[in-house]
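> This is the structure, below, for whatever I ask next.
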Amino acid sequence: MAKEKKNTLYTLFGKIGDILFIPIIIFALIVTTMIFFQRENNKAPSLFGISVVRILSGSMIASGFNVGDTVFVTKTDTDLLWEGDIIAFFSYSDSADKYLKKTKLETVDQQIVATMPVPENRVTINDIQGKNYKIVFHQIVGVYYDESGTRYFETKGTSNGSVIDSTLIREDFVVGKYVNTPNWLRSFAKWLSSAVGMVCCVCIPIGILVILQSLSLIEQINFLYVEKRLIKGEIDWLDREAQRLIKTGDMEEICKIIYYTKVDDDERDEFAETVWRFKGKLSKKERLYRDNLEESFDIFEEKGKKEYFLFWKNHLKWKWDIKQIEQELTYIMYNDEVNKKLESR
């Protein structure tokens, strides 16, 4: 059913929280979790092919990367990596590659011909993750290949002058290629990994969301209490609390159906128009429900409460709703019995 809803203060705050805080919390949790794993476990977890790497030395200051900066690298086809590209990698030299001849590539698309099989005893990146092999963030200055057709990368820190890294990095130890990231985003990610950043962007927003959700839960519990009082006839639908429930659009359908029979005759049409609002193009299900409502109203006017509730007992699907209707029917039948006994005296 199409309803015109008016937001209460709590639901408005809840929506603001969903829009503002949830994306921040998700981003903060992802970044801080990835940084934590990279720093504490020396691993490079990837999400959609993107990894977060923390710079551990000043070897790339000349390129604008400072110690403690956080950068994003993306998993890439190592066949496309070339001189000048900046990559993150595990600095590891596999003894299985020690006696393989390495030849420097002249162009990125140079054809490589393998003359011997890949060594069977090669170490994989999974074997070295989590051990004492740090993730390094350097620039490629040369690309090589060995007799098995495997690529290697010669690297250096741009602040290290002419000093080139002593280890050629085999292509499968490459974590990813640097994604050009704005300084503000790198600074933000660095701040997120700090204790203050965690508190401000994770702990505080989560705390606010918990408070807002708690307030929303309290409001929903209060609405259930108001509905119960309405059905019992303890308050009128024009009561302030009842009006707030109606205006939010959170009033349960079964409560509307039952309370319709308790409204004063001269207010019944106004009540129906207030709580049941059909707007725009209706779905098949909504049209059927509207038709059932109109039919039930006619039954109530012509045959009374008992037939009205029997109609809804046969048209409702939820067991809890049917149980509510049965309670009303039991109450009506009990009153009928009492009245008959009184009349027979």
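Chain labels follow the order of the structure tokens: the first chain is A, the next B, and so on; residue numbering restarts at 1 in every chain, and ligands are counted from 1 in their shown order.
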Residues within 6 Å of Lys156 in chain A, please, as a PyMOL selection string. Count only C-alpha atoms; anything in the same chain fewer than 5 positions from it doesn't count.
chain A and resi 138-139+164-165
> If you keep N, CA and C atoms, can you produce a file of those selected residues as a PDB file, in the first residue's frame?

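Result went into again.pdb, see below:
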```pdb
ATOM      1  N   HIS A 138      58.482   0.646  -4.189  1.00  0.00           N
ATOM      2  CA  HIS A 138      59.560   1.241  -4.985  1.00  0.00           C
ATOM      3  C   HIS A 138      59.165   1.356  -6.457  1.00  0.00           C
ATOM      4  N   GLN A 139      60.051   2.007  -7.209  1.00  0.00           N
ATOM      5  CA  GLN A 139      59.814   2.226  -8.637  1.00  0.00           C
ATOM      6  C   GLN A 139      60.592   1.218  -9.467  1.00  0.00           C
ATOM      7  N   ILE A 164      70.476   0.839  -6.602  1.00  0.00           N
ATOM      8  CA  ILE A 164      69.391  -0.037  -7.052  1.00  0.00           C
ATOM      9  C   ILE A 164      69.234  -1.186  -6.055  1.00  0.00           C
ATOM     10  N   ASP A 165      67.994  -1.623  -5.850  1.00  0.00           N
ATOM     11  CA  ASP A 165      67.747  -2.741  -4.926  1.00  0.00           C
ATOM     12  C   ASP A 165      68.521  -3.972  -5.379  1.00  0.00           C
TER      13      ASP A 165
END
```
> Which residues of range 44-90 of chain A come within 10 Å of range 191-196 of chain A, and for each one, what is the closest pair of atoms and their distance in Å to one decimal, counting only C-alpha atoms, sorted by chain and residue number, as a tab-separated table?

```
residue	atom	partner	partner_atom	distance
A:Arg54	CA	A:Ser193	CA	9.6
A:Gly68	CA	A:Ser193	CA	9.6
A:Asp69	CA	A:Trp191	CA	9.0
A:Thr70	CA	A:Ser193	CA	8.6
```
> I need the residues from that last selection saved to file as a compact mmCIF listing (two decimals), in the first residue's frame (with C-alpha atoms), if you can.

```txt
# COMPACT_ATOMS: atom_id res chain seq x y z
CA ARG A 54 51.75 1.45 4.52
CA GLY A 68 53.78 6.22 7.51
CA ASP A 69 51.82 7.24 4.42
CA THR A 70 49.10 4.88 3.31
```
> Just list the residues in range 77-296 of chain A DSSP gives strand (DSSP E or B) on the backbone, as a ChimeraX atom specification.
/A:86-90,103-104,135-145,151-156,169-170,174-178
> Give me the residues within 10 Å of Trp312 in chain A as a list in words, counting only C-alpha atoms and dropping any in the same chain fewer than 3 places off.
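Once the nearby chain positions are removed, what remains is Ile254, Ile257, Ile258, Asn292, Leu293, Ser296, Glu307, Tyr308, Phe309, His315, Leu316, Lys317, Asp321, Ile322, Ile325 and Glu326 of chain A.
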> Would you mind exporting the chosen residues as a PDB file, in the first residue's frame, restricted to N, CA and C atoms?

```
ATOM      1  N   ILE A 254      -3.270  -4.547  11.146  1.00  0.00           N
ATOM      2  CA  ILE A 254      -4.252  -5.249  11.978  1.00  0.00           C
ATOM      3  C   ILE A 254      -4.842  -4.296  13.014  1.00  0.00           C
ATOM      4  N   ILE A 257      -7.439  -2.224  11.200  1.00  0.00           N
ATOM      5  CA  ILE A 257      -8.643  -3.014  10.932  1.00  0.00           C
ATOM      6  C   ILE A 257      -9.507  -3.154  12.187  1.00  0.00           C
ATOM      7  N   ILE A 258      -8.856  -3.440  13.317  1.00  0.00           N
ATOM      8  CA  ILE A 258      -9.614  -3.632  14.560  1.00  0.00           C
ATOM      9  C   ILE A 258     -10.157  -2.305  15.083  1.00  0.00           C
ATOM     10  N   ASN A 292     -10.726  -5.179  -0.714  1.00  0.00           N
ATOM     11  CA  ASN A 292     -11.112  -5.888   0.507  1.00  0.00           C
ATOM     12  C   ASN A 292     -11.549  -4.921   1.601  1.00  0.00           C
ATOM     13  N   LEU A 293     -10.828  -3.798   1.704  1.00  0.00           N
ATOM     14  CA  LEU A 293     -11.196  -2.783   2.688  1.00  0.00           C
ATOM     15  C   LEU A 293     -12.609  -2.265   2.432  1.00  0.00           C
ATOM     16  N   SER A 296     -15.158  -4.815   3.290  1.00  0.00           N
ATOM     17  CA  SER A 296     -15.297  -5.005   4.736  1.00  0.00           C
ATOM     18  C   SER A 296     -16.070  -3.848   5.369  1.00  0.00           C
ATOM     19  N   GLU A 307     -19.568 -10.146  11.575  1.00  0.00           N
ATOM     20  CA  GLU A 307     -19.362 -10.502  10.171  1.00  0.00           C
ATOM     21  C   GLU A 307     -18.131  -9.796   9.602  1.00  0.00           C
ATOM     22  N   TYR A 308     -17.903  -8.576  10.074  1.00  0.00           N
ATOM     23  CA  TYR A 308     -16.728  -7.804   9.649  1.00  0.00           C
ATOM     24  C   TYR A 308     -15.446  -8.555  10.011  1.00  0.00           C
ATOM     25  N   PHE A 309     -15.358  -9.042  11.244  1.00  0.00           N
ATOM     26  CA  PHE A 309     -14.165  -9.753  11.676  1.00  0.00           C
ATOM     27  C   PHE A 309     -14.051 -11.131  11.028  1.00  0.00           C
ATOM     28  N   HIS A 315      -9.450 -13.491   5.173  1.00  0.00           N
ATOM     29  CA  HIS A 315      -8.650 -12.798   4.166  1.00  0.00           C
ATOM     30  C   HIS A 315      -7.234 -12.438   4.637  1.00  0.00           C
ATOM     31  N   LEU A 316      -6.990 -12.585   5.921  1.00  0.00           N
ATOM     32  CA  LEU A 316      -5.641 -12.310   6.424  1.00  0.00           C
ATOM     33  C   LEU A 316      -4.785 -13.570   6.365  1.00  0.00           C
ATOM     34  N   LYS A 317      -3.465 -13.376   6.216  1.00  0.00           N
ATOM     35  CA  LYS A 317      -2.564 -14.517   6.059  1.00  0.00           C
ATOM     36  C   LYS A 317      -1.705 -14.775   7.288  1.00  0.00           C
ATOM     37  N   ASP A 321      -2.003 -11.969  13.070  1.00  0.00           N
ATOM     38  CA  ASP A 321      -3.156 -11.127  12.733  1.00  0.00           C
ATOM     39  C   ASP A 321      -4.464 -11.881  12.930  1.00  0.00           C
ATOM     40  N   ILE A 322      -4.464 -13.140  12.471  1.00  0.00           N
ATOM     41  CA  ILE A 322      -5.672 -13.960  12.613  1.00  0.00           C
ATOM     42  C   ILE A 322      -5.992 -14.184  14.094  1.00  0.00           C
ATOM     43  N   ILE A 325      -7.719 -11.203  15.412  1.00  0.00           N
ATOM     44  CA  ILE A 325      -9.121 -11.174  14.970  1.00  0.00           C
ATOM     45  C   ILE A 325      -9.960 -12.161  15.782  1.00  0.00           C
ATOM     46  N   GLU A 326      -9.384 -13.343  16.041  1.00  0.00           N
ATOM     47  CA  GLU A 326     -10.103 -14.355  16.816  1.00  0.00           C
ATOM     48  C   GLU A 326     -10.381 -13.873  18.231  1.00  0.00           C
TER      49      GLU A 326
END
```
> Could you give me, as a tab-separated table, a per-residue list for range 160-230 of chain A showing, wherever an atom lies at most 10 Å from an atom of range 127-136 of chain A, the closest pair of atoms and their distance in Å to one decimal, using only C-alpha atoms and sorting by chain then residue number from low to high?

```
residue	atom	partner	partner_atom	distance
A:Phe173	CA	A:Ile128	CA	9.1
A:Val174	CA	A:Ile135	CA	9.3
A:Val175	CA	A:Ile135	CA	8.3
```
> Identify which of the residues A:Tyr289, A:Phe72, A:Tyr178, A:Trp318 lies closest to Lys190 in chain A, counting only C-alpha atoms when measuring atom-to-atom distances.
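Looking at the shortest contact to Lys190 in chain A, the residue is A:Phe72.
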> Name the residues in contact with range 226-232 of chain A at a cut-off of 12 Å, using only C-alpha atoms, excluding same-chain residues fewer than 4 positions from it; report them as a PyMOL selection string.
chain A and resi 219-222+236-246+250-263+324-325+327-328+331
> Under the rule of at most 12 Å, produce a per-residue listing of range 148-206 of chain A near range 117-120 of chain A: chain, number, name, the closest pair of atoms, and the distance in Å, as a tab-separated table, using only C-alpha atoms.

```
residue	atom	partner	partner_atom	distance
A:Ser148	CA	A:Val118	CA	5.2
A:Gly149	CA	A:Val118	CA	8.1
A:Thr150	CA	A:Val118	CA	8.1
A:Arg151	CA	A:Val118	CA	11.8
```
